[in-house]
file data28.csv (CSV, C-alpha atoms)
chain,number,residue,atom,x,y,z
L,1,MET,CA,119.9,110.4,59.4
L,2,ASN,CA,121.5,109.8,62.8
L,3,GLU,CA,123.2,106.6,63.8
L,4,PRO,CA,121.4,104.5,66.4
L,5,THR,CA,122.8,104.5,69.9
L,6,ARG,CA,125.1,101.5,70.5
L,7,TYR,CA,125.6,100.1,73.9
L,8,SER,CA,128.9,98.5,74.9
L,9,THR,CA,127.5,95.7,77.1
L,10,PRO,CA,124.6,93.3,76.6
L,11,PRO,CA,121.4,93.7,78.7
L,12,ILE,CA,121.4,92.1,82.2
L,13,GLU,CA,119.2,89.1,82.4
L,14,LEU,CA,117.5,88.6,85.8
L,15,PRO,CA,116.6,85.2,87.0
L,16,LEU,CA,112.9,84.2,87.1
L,17,ILE,CA,112.0,83.3,90.7
L,18,LEU,CA,108.7,81.4,91.0
L,19,GLU,CA,107.5,80.9,94.5
L,20,ARG,CA,104.7,78.7,95.5
L,21,GLU,CA,101.5,80.4,96.4
L,22,PRO,CA,100.9,80.9,100.1
L,23,ALA,CA,98.5,78.5,101.7
L,24,PRO,CA,95.7,79.7,104.0
L,25,VAL,CA,96.1,79.0,107.7
L,26,GLU,CA,93.7,76.3,108.7
L,27,GLY,CA,90.9,77.5,110.8
L,28,CYS,CA,91.3,81.2,110.0
L,29,ALA,CA,88.3,82.8,108.4
L,30,GLY,CA,90.4,85.7,107.0
L,31,CYS,CA,92.8,83.3,105.3
L,32,ALA,CA,89.9,81.3,103.9
L,33,GLU,CA,88.2,84.4,102.5
L,34,LEU,CA,91.4,85.5,100.8
L,35,ALA,CA,91.9,82.1,99.3
L,36,ASN,CA,88.3,82.1,98.0
L,37,VAL,CA,88.8,85.6,96.5
L,38,ARG,CA,92.0,84.4,94.9
L,39,SER,CA,90.3,81.4,93.3
L,40,ARG,CA,87.4,83.5,91.9
L,41,ALA,CA,89.9,86.1,90.5
L,42,ARG,CA,92.0,83.4,88.8
L,43,ALA,CA,88.8,81.9,87.3
L,44,GLY,CA,87.9,85.3,85.9
L,45,GLY,CA,91.5,86.0,84.6
L,46,ASP,CA,92.1,88.8,87.1
L,47,MET,CA,95.8,88.1,87.9
L,48,THR,CA,96.3,91.4,89.6
L,49,THR,CA,93.8,90.4,92.3
L,50,VAL,CA,95.4,86.9,92.5
L,51,SER,CA,98.8,88.6,93.1
L,52,ASP,CA,97.2,91.0,95.7
L,53,CYS,CA,95.7,88.0,97.6
L,54,ASN,CA,99.0,86.2,97.6
L,55,ILE,CA,100.6,89.3,99.2
L,56,TYR,CA,97.9,89.6,101.8
L,57,LEU,CA,98.1,85.8,102.6
L,58,ARG,CA,101.9,86.1,103.0
L,59,ARG,CA,101.6,89.0,105.4
L,60,HIS,CA,98.5,87.7,107.2
L,61,PRO,CA,100.2,85.0,109.3
L,62,GLU,CA,102.1,87.7,111.2
L,63,GLY,CA,98.7,88.4,113.0
L,64,HIS,CA,98.2,84.8,114.0

call {"tool": "encode", "arguments": {"input": "data28.csv", "output": "structure tokens"}}
result
Amino acid sequence: MNEPTRYSTPPIELPLILEREPAPVEGCAGCAELANVRSRARAGGDMTTVSDCNIYLRRHPEGH
């Protein structure tokens, strides 16, 4: 039987960075819809859609 591979250094631990969720811009229908979709996705356990909505909300203000 072969010996298992040994590594000379321990694995690198990356810090966990938790950012607050972006807030919708008040008075913007697009932001409000993204926030509603995000809420429904979270209630249904669809965290992929929650993440997508957060990305769209972060990028959306560039158009305001």

call {"tool": "atom_distance", "arguments": {"input": "data28.csv", "atom1": "CA of Leu57 (chain L)", "atom2": "CA of Asn36 (chain L)"}}
result
11.4 Å

call {"tool": "residues_around", "arguments": {"input": "data28.csv", "residues": "region 22-25 of chain L", "least_positions_apart": "5", "cutoff": "10 Å", "atoms": "only C-alpha atoms", "output": "list in words"}}
result
Gly30, Cys31, Ala32, Glu33, Leu34, Ala35, Asn36, Cys53, Asn54, Ile55, Tyr56, Leu57, Arg58, Arg59, His60, Pro61 and His64 of chain L

call {"tool": "write_last_selection", "arguments": {"input": "data28.csv", "atoms": "C-alpha atoms", "output": "compact mmCIF listing (two decimals), in the coordinates of the input"}}
result
# COMPACT_ATOMS: atom_id res chain seq x y z
CA GLY L 30 90.40 85.70 107.00
CA CYS L 31 92.80 83.30 105.30
CA ALA L 32 89.90 81.30 103.90
CA GLU L 33 88.20 84.40 102.50
CA LEU L 34 91.40 85.50 100.80
CA ALA L 35 91.90 82.10 99.30
CA ASN L 36 88.30 82.10 98.00
CA CYS L 53 95.70 88.00 97.60
CA ASN L 54 99.00 86.20 97.60
CA ILE L 55 100.60 89.30 99.20
CA TYR L 56 97.90 89.60 101.80
CA LEU L 57 98.10 85.80 102.60
CA ARG L 58 101.90 86.10 103.00
CA ARG L 59 101.60 89.00 105.40
CA HIS L 60 98.50 87.70 107.20
CA PRO L 61 100.20 85.00 109.30
CA HIS L 64 98.20 84.80 114.00

call {"tool": "atom_distance", "arguments": {"input": "data28.csv", "atom1": "CA of Ser51 (chain L)", "atom2": "CA of Glu26 (chain L)"}}
result
20.5 Å

call {"tool": "atom_distance", "arguments": {"input": "data28.csv", "atom1": "CA of Arg40 (chain L)", "atom2": "CA of Glu19 (chain L)"}}
result
20.4 Å

call {"tool": "residues_around", "arguments": {"input": "data28.csv", "residues": "Ala41 (chain L)", "least_positions_apart": "6", "cutoff": "7 Å", "atoms": "only C-alpha atoms", "output": "tab-separated table (two decimals) with C-alpha atoms, keeping the file's coordinate frame"}}
result
chain	number	residue	atom	x	y	z
L	47	MET	CA	95.80	88.10	87.90
L	49	THR	CA	93.80	90.40	92.30
L	50	VAL	CA	95.40	86.90	92.50

call {"tool": "build_atoms", "arguments": {"input": "data28.csv", "residues": "region 9-45 of chain L", "atoms": "N, CA and C atoms", "output": "mmCIF file, in the frame of the given file"}}
result
data_model
loop_
_atom_site.group_PDB
_atom_site.id
_atom_site.type_symbol
_atom_site.label_atom_id
_atom_site.label_comp_id
_atom_site.auth_asym_id
_atom_site.auth_seq_id
_atom_site.Cartn_x
_atom_site.Cartn_y
_atom_site.Cartn_z
ATOM 1 N N THR L 9 127.696 97.006 76.374
ATOM 2 C CA THR L 9 127.500 95.700 77.100
ATOM 3 C C THR L 9 126.074 95.215 76.783
ATOM 4 N N PRO L 10 125.900 93.912 76.834
ATOM 5 C CA PRO L 10 124.600 93.300 76.600
ATOM 6 C C PRO L 10 123.651 93.628 77.797
ATOM 7 N N PRO L 11 122.348 93.523 77.617
ATOM 8 C CA PRO L 11 121.400 93.700 78.700
ATOM 9 C C PRO L 11 121.617 92.684 79.817
ATOM 10 N N ILE L 12 121.302 93.046 81.028
ATOM 11 C CA ILE L 12 121.400 92.100 82.200
ATOM 12 C C ILE L 12 120.136 91.260 82.176
ATOM 13 N N GLU L 13 120.321 89.960 82.324
ATOM 14 C CA GLU L 13 119.200 89.100 82.400
ATOM 15 C C GLU L 13 119.013 88.661 83.891
ATOM 16 N N LEU L 14 117.831 88.958 84.433
ATOM 17 C CA LEU L 14 117.500 88.600 85.800
ATOM 18 C C LEU L 14 116.886 87.248 85.882
ATOM 19 N N PRO L 15 117.152 86.484 86.948
ATOM 20 C CA PRO L 15 116.600 85.200 87.000
ATOM 21 C C PRO L 15 115.058 85.249 87.341
ATOM 22 N N LEU L 16 114.302 84.310 86.816
ATOM 23 C CA LEU L 16 112.900 84.200 87.100
ATOM 24 C C LEU L 16 112.711 83.388 88.352
ATOM 25 N N ILE L 17 112.156 83.998 89.382
ATOM 26 C CA ILE L 17 112.000 83.300 90.700
ATOM 27 C C ILE L 17 110.468 83.030 90.815
ATOM 28 N N LEU L 18 110.114 81.772 90.781
ATOM 29 C CA LEU L 18 108.700 81.400 91.000
ATOM 30 C C LEU L 18 108.549 80.765 92.331
ATOM 31 N N GLU L 19 107.769 81.434 93.147
ATOM 32 C CA GLU L 19 107.500 80.900 94.500
ATOM 33 C C GLU L 19 106.138 80.245 94.489
ATOM 34 N N ARG L 20 105.987 79.283 95.361
ATOM 35 C CA ARG L 20 104.700 78.700 95.500
ATOM 36 C C ARG L 20 103.729 79.665 96.129
ATOM 37 N N GLU L 21 102.458 79.507 95.817
ATOM 38 C CA GLU L 21 101.500 80.400 96.400
ATOM 39 C C GLU L 21 101.328 80.079 97.890
ATOM 40 N N PRO L 22 101.113 81.104 98.703
ATOM 41 C CA PRO L 22 100.900 80.900 100.100
ATOM 42 C C PRO L 22 99.631 80.116 100.402
ATOM 43 N N ALA L 23 99.675 79.219 101.349
ATOM 44 C CA ALA L 23 98.500 78.500 101.700
ATOM 45 C C ALA L 23 97.782 79.174 102.874
ATOM 46 N N PRO L 24 96.457 79.128 102.898
ATOM 47 C CA PRO L 24 95.700 79.700 104.000
ATOM 48 C C PRO L 24 95.975 78.971 105.309
ATOM 49 N N VAL L 25 95.989 79.676 106.428
ATOM 50 C CA VAL L 25 96.100 79.000 107.700
ATOM 51 C C VAL L 25 94.838 78.328 108.061
ATOM 52 N N GLU L 26 94.934 77.068 108.402
ATOM 53 C CA GLU L 26 93.700 76.300 108.700
ATOM 54 C C GLU L 26 92.999 76.850 109.898
ATOM 55 N N GLY L 27 91.690 76.978 109.755
ATOM 56 C CA GLY L 27 90.900 77.500 110.800
ATOM 57 C C GLY L 27 90.751 78.991 110.907
ATOM 58 N N CYS L 28 91.387 79.703 109.991
ATOM 59 C CA CYS L 28 91.300 81.200 110.000
ATOM 60 C C CYS L 28 90.352 81.635 108.921
ATOM 61 N N ALA L 29 89.309 82.339 109.339
ATOM 62 C CA ALA L 29 88.300 82.800 108.400
ATOM 63 C C ALA L 29 88.859 83.838 107.429
ATOM 64 N N GLY L 30 89.774 84.687 107.889
ATOM 65 C CA GLY L 30 90.400 85.700 107.000
ATOM 66 C C GLY L 30 91.199 85.049 105.903
ATOM 67 N N CYS L 31 91.978 84.049 106.252
ATOM 68 C CA CYS L 31 92.800 83.300 105.300
ATOM 69 C C CYS L 31 91.870 82.600 104.266
ATOM 70 N N ALA L 32 90.812 81.987 104.770
ATOM 71 C CA ALA L 32 89.900 81.300 103.900
ATOM 72 C C ALA L 32 89.234 82.207 102.906
ATOM 73 N N GLU L 33 88.839 83.387 103.359
ATOM 74 C CA GLU L 33 88.200 84.400 102.500
ATOM 75 C C GLU L 33 89.190 84.833 101.396
ATOM 76 N N LEU L 34 90.431 85.105 101.787
ATOM 77 C CA LEU L 34 91.400 85.500 100.800
ATOM 78 C C LEU L 34 91.676 84.420 99.768
ATOM 79 N N ALA L 35 91.700 83.171 100.204
ATOM 80 C CA ALA L 35 91.900 82.100 99.300
ATOM 81 C C ALA L 35 90.699 81.948 98.320
ATOM 82 N N ASN L 36 89.485 82.186 98.814
ATOM 83 C CA ASN L 36 88.300 82.100 98.000
ATOM 84 C C ASN L 36 88.316 83.282 96.934
ATOM 85 N N VAL L 37 88.675 84.475 97.372
ATOM 86 C CA VAL L 37 88.800 85.600 96.500
ATOM 87 C C VAL L 37 89.826 85.331 95.390
ATOM 88 N N ARG L 38 90.943 84.766 95.806
ATOM 89 C CA ARG L 38 92.000 84.400 94.900
ATOM 90 C C ARG L 38 91.539 83.423 93.822
ATOM 91 N N SER L 39 90.795 82.410 94.250
ATOM 92 C CA SER L 39 90.300 81.400 93.300
ATOM 93 C C SER L 39 89.302 82.018 92.319
ATOM 94 N N ARG L 40 88.395 82.873 92.801
ATOM 95 C CA ARG L 40 87.400 83.500 91.900
ATOM 96 C C ARG L 40 88.147 84.448 90.928
ATOM 97 N N ALA L 41 89.155 85.169 91.414
ATOM 98 C CA ALA L 41 89.900 86.100 90.500
ATOM 99 C C ALA L 41 90.641 85.307 89.463
ATOM 100 N N ARG L 42 91.246 84.183 89.828
ATOM 101 C CA ARG L 42 92.000 83.400 88.800
ATOM 102 C C ARG L 42 90.996 82.840 87.789
ATOM 103 N N ALA L 43 89.827 82.394 88.213
ATOM 104 C CA ALA L 43 88.800 81.900 87.300
ATOM 105 C C ALA L 43 88.371 82.963 86.304
ATOM 106 N N GLY L 44 88.352 84.210 86.770
ATOM 107 C CA GLY L 44 87.900 85.300 85.900
ATOM 108 C C GLY L 44 89.089 85.963 85.157
ATOM 109 N N GLY L 45 90.302 85.452 85.335
ATOM 110 C CA GLY L 45 91.500 86.000 84.600
ATOM 111 C C GLY L 45 92.022 87.260 85.204
#
